[in-house]
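So the structure is just underneath, and the comments pick up after that.
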Amino acid sequence: MENKKDMNGLLQKAREYERNEIPDIPAGQKPSFHACAPIGWVNDPNGFSVFQDEIHLMCQYHPYSTQWGPMHWAHFKSKDFIKWEQMPACLAPDQEYDSFGCFSGSAIEFEGKHVLVYTDVVVGKDEEGKHFERQTQCIAVGDGVDYEKSDVNPIIGTDMLPEGASKVDFRDPKIWKDGNIFYVIVGSRNEDGSGQLLLYSSDNLKQWKYCGVVDKCENRYGKMWECPDMFQLEGKCVILTSPQDMYAEGLEFHNGNGTLCLIGEYDKEQVKFIRESVSAVDYGLDFYATQTLETKDGRRVMIAWMQSWDNYLTPGEFRWSGLMSIPREIHVKNSRLYQLPVKELENYYANTVMYNNIPVQEKTELNGISGREIDMTIEIQEGGYEKFWIQLAKNESFYSEIVYDAKKGTVSFDRNYSGLRRDFICRRSMNVEGRNGKIKLRVLMDKYTVELFVNDGAQAMTSLIYTPLDADKILFNADGTAYIDIVKHDVVVE
């Protein structure tokens, strides 16, 4: 295929659009410490990596509208995971082989260069006039600002697929290096219609070979497995992926597009993953497409798209749509994935307020406990109650609610009264471990985000609310008497 460069300067066009249009977004409208769309639409995080001692984050991007469109890559960088600097768009669908979009991928630092690996997509009509689509894998190499696509793209073509694998659903490569060998794990669809994860290796980033099928869905957990990630963590092999078309299973998995954490062992010689536990990564309304990196000090940090394909909540007046979760340090404990916001968040704490052993037996508002950019931990002690409520982002008209049902052992999030005007999914619940009614809830808010971490990160529940920003009250309530300890910090990022 002829490689026509630049296709009318699509990347420069996107960068010029950013320069001209972003300044018109109202000051203070965007979240303060979550990476979000510069302008237009973003979805899956891509290229989450450390390069030249800075954290780089890319994501799927359509700058020209707040809906999904031809995929570019937006680009951010940070020194601490909290304060993000917007960089110019770094990829555009400007080659014939990626003319339908530069889909999701990842990045790695190598020999002083930043190497991006992504899925290229081309659609068209064959010689018989029939529609076709093909997804293959490409690389681009750059300096942290500008990237040049390789002259050997695609590096992993459809001729390197195992028998029966789809040429259409073959995407989202995650790269890492083990010794002198590079590996990528890629999502694929098997001939039975369900997802599988394929492994490829290379010693030079240009010539790749197929290694095998790491794991198969076999229609057990959804269909296509998107955005796979695979890494060693605290003596275990962890695979994170995002299944499409899930069936609900109790409160563990919900319908539609979900998240999956597989913990087990990896047989490198046989290229086989042996499962020990399977669970959801996050139980909220808006969390998908996880990606991780390893920091210089050895921490594994995870980020995800904080939105749902099935619930488009973005207010009509916004010129941007989509944001990323808070980056989270993850650990493996008791065959579960534990997650909490990165420790760097503490550097932005201000106006700390603390209460100890406060009885709650009716609607209770506490002096200094309010806000929409906060990190708040509530420890509920043993008490004579069955349900405990926290109302967030509250005014005379609106609120969102966290409910702990000690009798059932569940935590729920409900945004029915957050100010929505359409019939979105608004409530989700998860089973939690509470001992005689004692539980620890950590609530992180950044204007439109509610990220809930239970029992020091044993479970997480992530959701969006687009309540007007002047709704900032926080109320507590119980159906008996609950005794609580509270620590609340404002998060101030300037």
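How things are named: the first chain in the structure tokens is A, the next is B, and so on; residues count from 1 in each chain; ligands count from 1 in the order shown.
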
Closest-contact table, stretch 121-164 of chain A side, partner stretch 201-214 of chain A, 8 Å, counting only C-alpha atoms, as CSV:
residue,atom,partner,partner_atom,distance
A:Val152,CA,A:Lys206,CA,7.0
A:Ile155,CA,A:Lys206,CA,6.0
A:Ile156,CA,A:Trp208,CA,6.6
A:Met160,CA,A:Tyr210,CA,6.3
A:Leu161,CA,A:Tyr210,CA,7.5
A:Pro162,CA,A:Gly212,CA,8.0

If we count only C-alpha atoms, what is near A:Glu16 at a cut-off of 12 Å, once residues fewer than 4 positions away on the same chain are taken out, given as an mmCIF file with C-alpha atoms, in the first residue's frame?
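Wrote result-v6.cif, looks like this:
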data_model
loop_
_atom_site.group_PDB
_atom_site.id
_atom_site.type_symbol
_atom_site.label_atom_id
_atom_site.label_comp_id
_atom_site.auth_asym_id
_atom_site.auth_seq_id
_atom_site.Cartn_x
_atom_site.Cartn_y
_atom_site.Cartn_z
ATOM 1 C CA GLY A 9 -1.988 18.112 7.317
ATOM 2 C CA LEU A 10 -4.583 16.511 9.604
ATOM 3 C CA LEU A 11 -2.372 16.698 12.689
ATOM 4 C CA GLN A 12 -1.509 20.357 12.141
ATOM 5 C CA ASN A 20 -7.982 28.623 18.443
ATOM 6 C CA GLU A 21 -10.889 26.972 20.266
ATOM 7 C CA ILE A 22 -9.701 25.892 23.717
ATOM 8 C CA ILE A 39 -11.840 20.279 23.357
ATOM 9 C CA PRO A 63 -11.371 17.414 18.654
ATOM 10 C CA TYR A 64 -14.155 18.652 16.410
ATOM 11 C CA PRO A 88 -0.574 19.421 21.364
ATOM 12 C CA ALA A 89 -2.417 16.481 19.808
#

For A:Ser194: contacts at 9 Å, only C-alpha atoms, fewer than 3 positions along chain excluded, given as a PyMOL selection string: chain A and resi 188-191+216-225

Å distance separating atom CA of A:Gly434 from atom CA of A:Val487, one decimal place: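 For atom CA of A:Gly434 relative to atom CA of A:Val487, the distance reads 19.8 Å.
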
Exercise: A:Tyr349 partners within 7 Å, only C-alpha atoms, chain neighbours under 5 positions left out, as a PyMOL selection string: chain A and resi 489-492

Using only C-alpha atoms, what table do you get, as a Markdown table, when you list each residue of stretch 32-112 of chain A with an atom no more than 12 Å from stretch 446-467 of chain A, its nearest pair of atoms, and their distance in Å rounded to one decimal, rows by chain then rising number?
| residue | atom | partner | partner_atom | distance |
| --- | --- | --- | --- | --- |
| A:Ser32 | CA | A:Asp446 | CA | 6.6 |
| A:Phe33 | CA | A:Asp446 | CA | 7.0 |
| A:His34 | CA | A:Asp446 | CA | 7.4 |
| A:Ala35 | CA | A:Asp446 | CA | 10.9 |
| A:Cys36 | CA | A:Tyr448 | CA | 11.3 |
| A:Ile82 | CA | A:Asp446 | CA | 11.5 |

Contact check, stretch 358-424 of chain A to stretch 338-347 of chain A, at most 12 Å, counting only C-alpha atoms, closest pairs as a Markdown table:
| residue | atom | partner | partner_atom | distance |
| --- | --- | --- | --- | --- |
| A:Glu373 | CA | A:Leu345 | CA | 11.8 |
| A:Ile374 | CA | A:Leu345 | CA | 10.6 |
| A:Asp375 | CA | A:Leu345 | CA | 9.0 |
| A:Met376 | CA | A:Glu346 | CA | 11.8 |

Within 12 Å of A:Val117 using only C-alpha atoms, minus same-chain residues under 3 positions, as a ChimeraX atom specification: /A:46-49,58,73,91,102-109,114,120,136-142,147-150,153-156,171-176,182-186,205-206

Write the residues you've just listed into a file as a short mmCIF file (atom, residue, chain, number, x, y, z; two decimals), in the first residue's frame, and include N, CA and C atoms for each of them.
data_model
loop_
_atom_site.label_atom_id
_atom_site.label_comp_id
_atom_site.auth_asym_id
_atom_site.auth_seq_id
_atom_site.Cartn_x
_atom_site.Cartn_y
_atom_site.Cartn_z
N ASN A 46 -4.55 6.25 26.62
CA ASN A 46 -3.52 5.61 25.79
C ASN A 46 -2.15 6.11 26.24
N GLY A 47 -1.12 5.38 25.90
CA GLY A 47 0.24 5.89 26.07
C GLY A 47 0.60 6.31 27.47
N PHE A 48 -0.03 5.73 28.49
CA PHE A 48 0.23 6.08 29.89
C PHE A 48 1.60 5.52 30.26
N SER A 49 2.58 6.40 30.43
CA SER A 49 3.96 5.95 30.53
C SER A 49 4.83 7.03 31.15
N MET A 58 -1.85 9.90 26.95
CA MET A 58 -2.59 10.20 25.74
C MET A 58 -3.99 9.61 25.88
N TRP A 73 -5.08 11.24 18.79
CA TRP A 73 -4.61 11.07 20.17
C TRP A 73 -4.40 12.43 20.79
N LEU A 91 -1.22 12.39 17.55
CA LEU A 91 -1.48 11.51 16.40
C LEU A 91 -2.77 11.93 15.72
N CYS A 102 -6.75 6.39 14.48
CA CYS A 102 -5.66 5.86 15.30
C CYS A 102 -6.30 5.41 16.62
N PHE A 103 -6.59 4.13 16.71
CA PHE A 103 -7.29 3.61 17.87
C PHE A 103 -6.32 3.43 19.04
N SER A 104 -6.79 2.81 20.11
CA SER A 104 -6.06 2.79 21.38
C SER A 104 -4.73 2.05 21.29
N GLY A 105 -3.85 2.42 22.22
CA GLY A 105 -2.54 1.79 22.31
C GLY A 105 -1.80 2.25 23.55
N SER A 106 -0.49 2.09 23.53
CA SER A 106 0.31 2.33 24.73
C SER A 106 1.65 2.92 24.33
N ALA A 107 2.57 3.04 25.29
CA ALA A 107 3.85 3.68 25.01
C ALA A 107 4.93 3.13 25.92
N ILE A 108 6.18 3.31 25.49
CA ILE A 108 7.33 2.88 26.27
C ILE A 108 8.51 3.79 25.92
N GLU A 109 9.40 3.99 26.88
CA GLU A 109 10.63 4.73 26.62
C GLU A 109 11.72 3.76 26.21
N HIS A 114 10.44 8.16 22.77
CA HIS A 114 9.13 7.75 23.26
C HIS A 114 8.44 6.99 22.14
N ASP A 120 -4.15 0.80 14.05
CA ASP A 120 -4.61 1.56 12.89
C ASP A 120 -5.84 0.89 12.33
N THR A 136 -4.97 -3.30 12.42
CA THR A 136 -3.62 -3.84 12.61
C THR A 136 -2.88 -2.90 13.56
N GLN A 137 -1.60 -3.23 13.85
CA GLN A 137 -0.87 -2.48 14.88
C GLN A 137 0.30 -1.72 14.27
N CYS A 138 0.53 -0.50 14.78
CA CYS A 138 1.55 0.40 14.25
C CYS A 138 2.39 1.00 15.37
N ILE A 139 3.50 1.62 15.01
CA ILE A 139 4.29 2.37 15.97
C ILE A 139 4.58 3.77 15.43
N ALA A 140 4.81 4.68 16.37
CA ALA A 140 5.28 6.03 16.06
C ALA A 140 6.31 6.38 17.13
N VAL A 141 7.37 7.06 16.73
CA VAL A 141 8.48 7.35 17.63
C VAL A 141 8.68 8.85 17.71
N GLY A 142 8.86 9.36 18.96
CA GLY A 142 8.98 10.80 19.09
C GLY A 142 9.79 11.25 20.28
N TYR A 147 5.78 13.14 16.95
CA TYR A 147 5.97 11.72 16.72
C TYR A 147 5.91 11.42 15.23
N GLU A 148 6.79 10.53 14.80
CA GLU A 148 6.84 10.13 13.39
C GLU A 148 6.44 8.66 13.28
N LYS A 149 5.49 8.39 12.43
CA LYS A 149 5.04 7.02 12.22
C LYS A 149 6.08 6.24 11.43
N SER A 150 6.25 4.98 11.83
CA SER A 150 7.31 4.15 11.24
C SER A 150 7.04 3.86 9.77
N ASN A 153 5.21 0.42 9.11
CA ASN A 153 3.83 0.17 9.55
C ASN A 153 3.01 -0.47 8.45
N PRO A 154 2.05 -1.30 8.82
CA PRO A 154 1.78 -1.84 10.14
C PRO A 154 2.84 -2.86 10.56
N ILE A 155 3.17 -2.88 11.85
CA ILE A 155 4.20 -3.80 12.33
C ILE A 155 3.63 -5.18 12.64
N ILE A 156 2.33 -5.23 12.97
CA ILE A 156 1.66 -6.51 13.21
C ILE A 156 0.41 -6.52 12.37
N ARG A 171 -7.24 -5.17 18.43
CA ARG A 171 -6.88 -3.80 18.79
C ARG A 171 -6.37 -3.66 20.23
N ASP A 172 -5.87 -2.46 20.49
CA ASP A 172 -5.48 -1.97 21.82
C ASP A 172 -4.21 -2.63 22.35
N PRO A 173 -3.09 -2.52 21.64
CA PRO A 173 -1.85 -3.17 22.09
C PRO A 173 -1.28 -2.49 23.33
N LYS A 174 -0.90 -3.28 24.32
CA LYS A 174 -0.19 -2.78 25.51
C LYS A 174 1.22 -3.34 25.49
N ILE A 175 2.22 -2.44 25.50
CA ILE A 175 3.61 -2.83 25.34
C ILE A 175 4.35 -2.83 26.67
N TRP A 176 5.31 -3.76 26.82
CA TRP A 176 6.28 -3.73 27.92
C TRP A 176 7.55 -4.43 27.46
N PHE A 182 10.73 -7.07 23.71
CA PHE A 182 9.48 -6.31 23.82
C PHE A 182 8.30 -7.26 23.62
N TYR A 183 7.24 -7.00 24.37
CA TYR A 183 6.01 -7.76 24.22
C TYR A 183 4.84 -6.79 24.06
N VAL A 184 3.84 -7.21 23.30
CA VAL A 184 2.55 -6.53 23.31
C VAL A 184 1.46 -7.57 23.48
N ILE A 185 0.47 -7.23 24.30
CA ILE A 185 -0.74 -8.04 24.41
C ILE A 185 -1.85 -7.26 23.72
N VAL A 186 -2.63 -7.94 22.89
CA VAL A 186 -3.61 -7.29 22.02
C VAL A 186 -4.95 -7.98 22.16
N LEU A 205 11.46 -3.81 17.85
CA LEU A 205 10.26 -2.98 17.68
C LEU A 205 9.75 -2.91 16.24
N LYS A 206 10.45 -3.54 15.32
CA LYS A 206 10.00 -3.49 13.92
C LYS A 206 9.54 -4.85 13.42
#

One-decimal distance in Å that lies between atom CA of A:Met302 and atom CA of A:Leu57: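 Separation of atom CA of A:Leu57 and atom CA of A:Met302: 11.4 Å.
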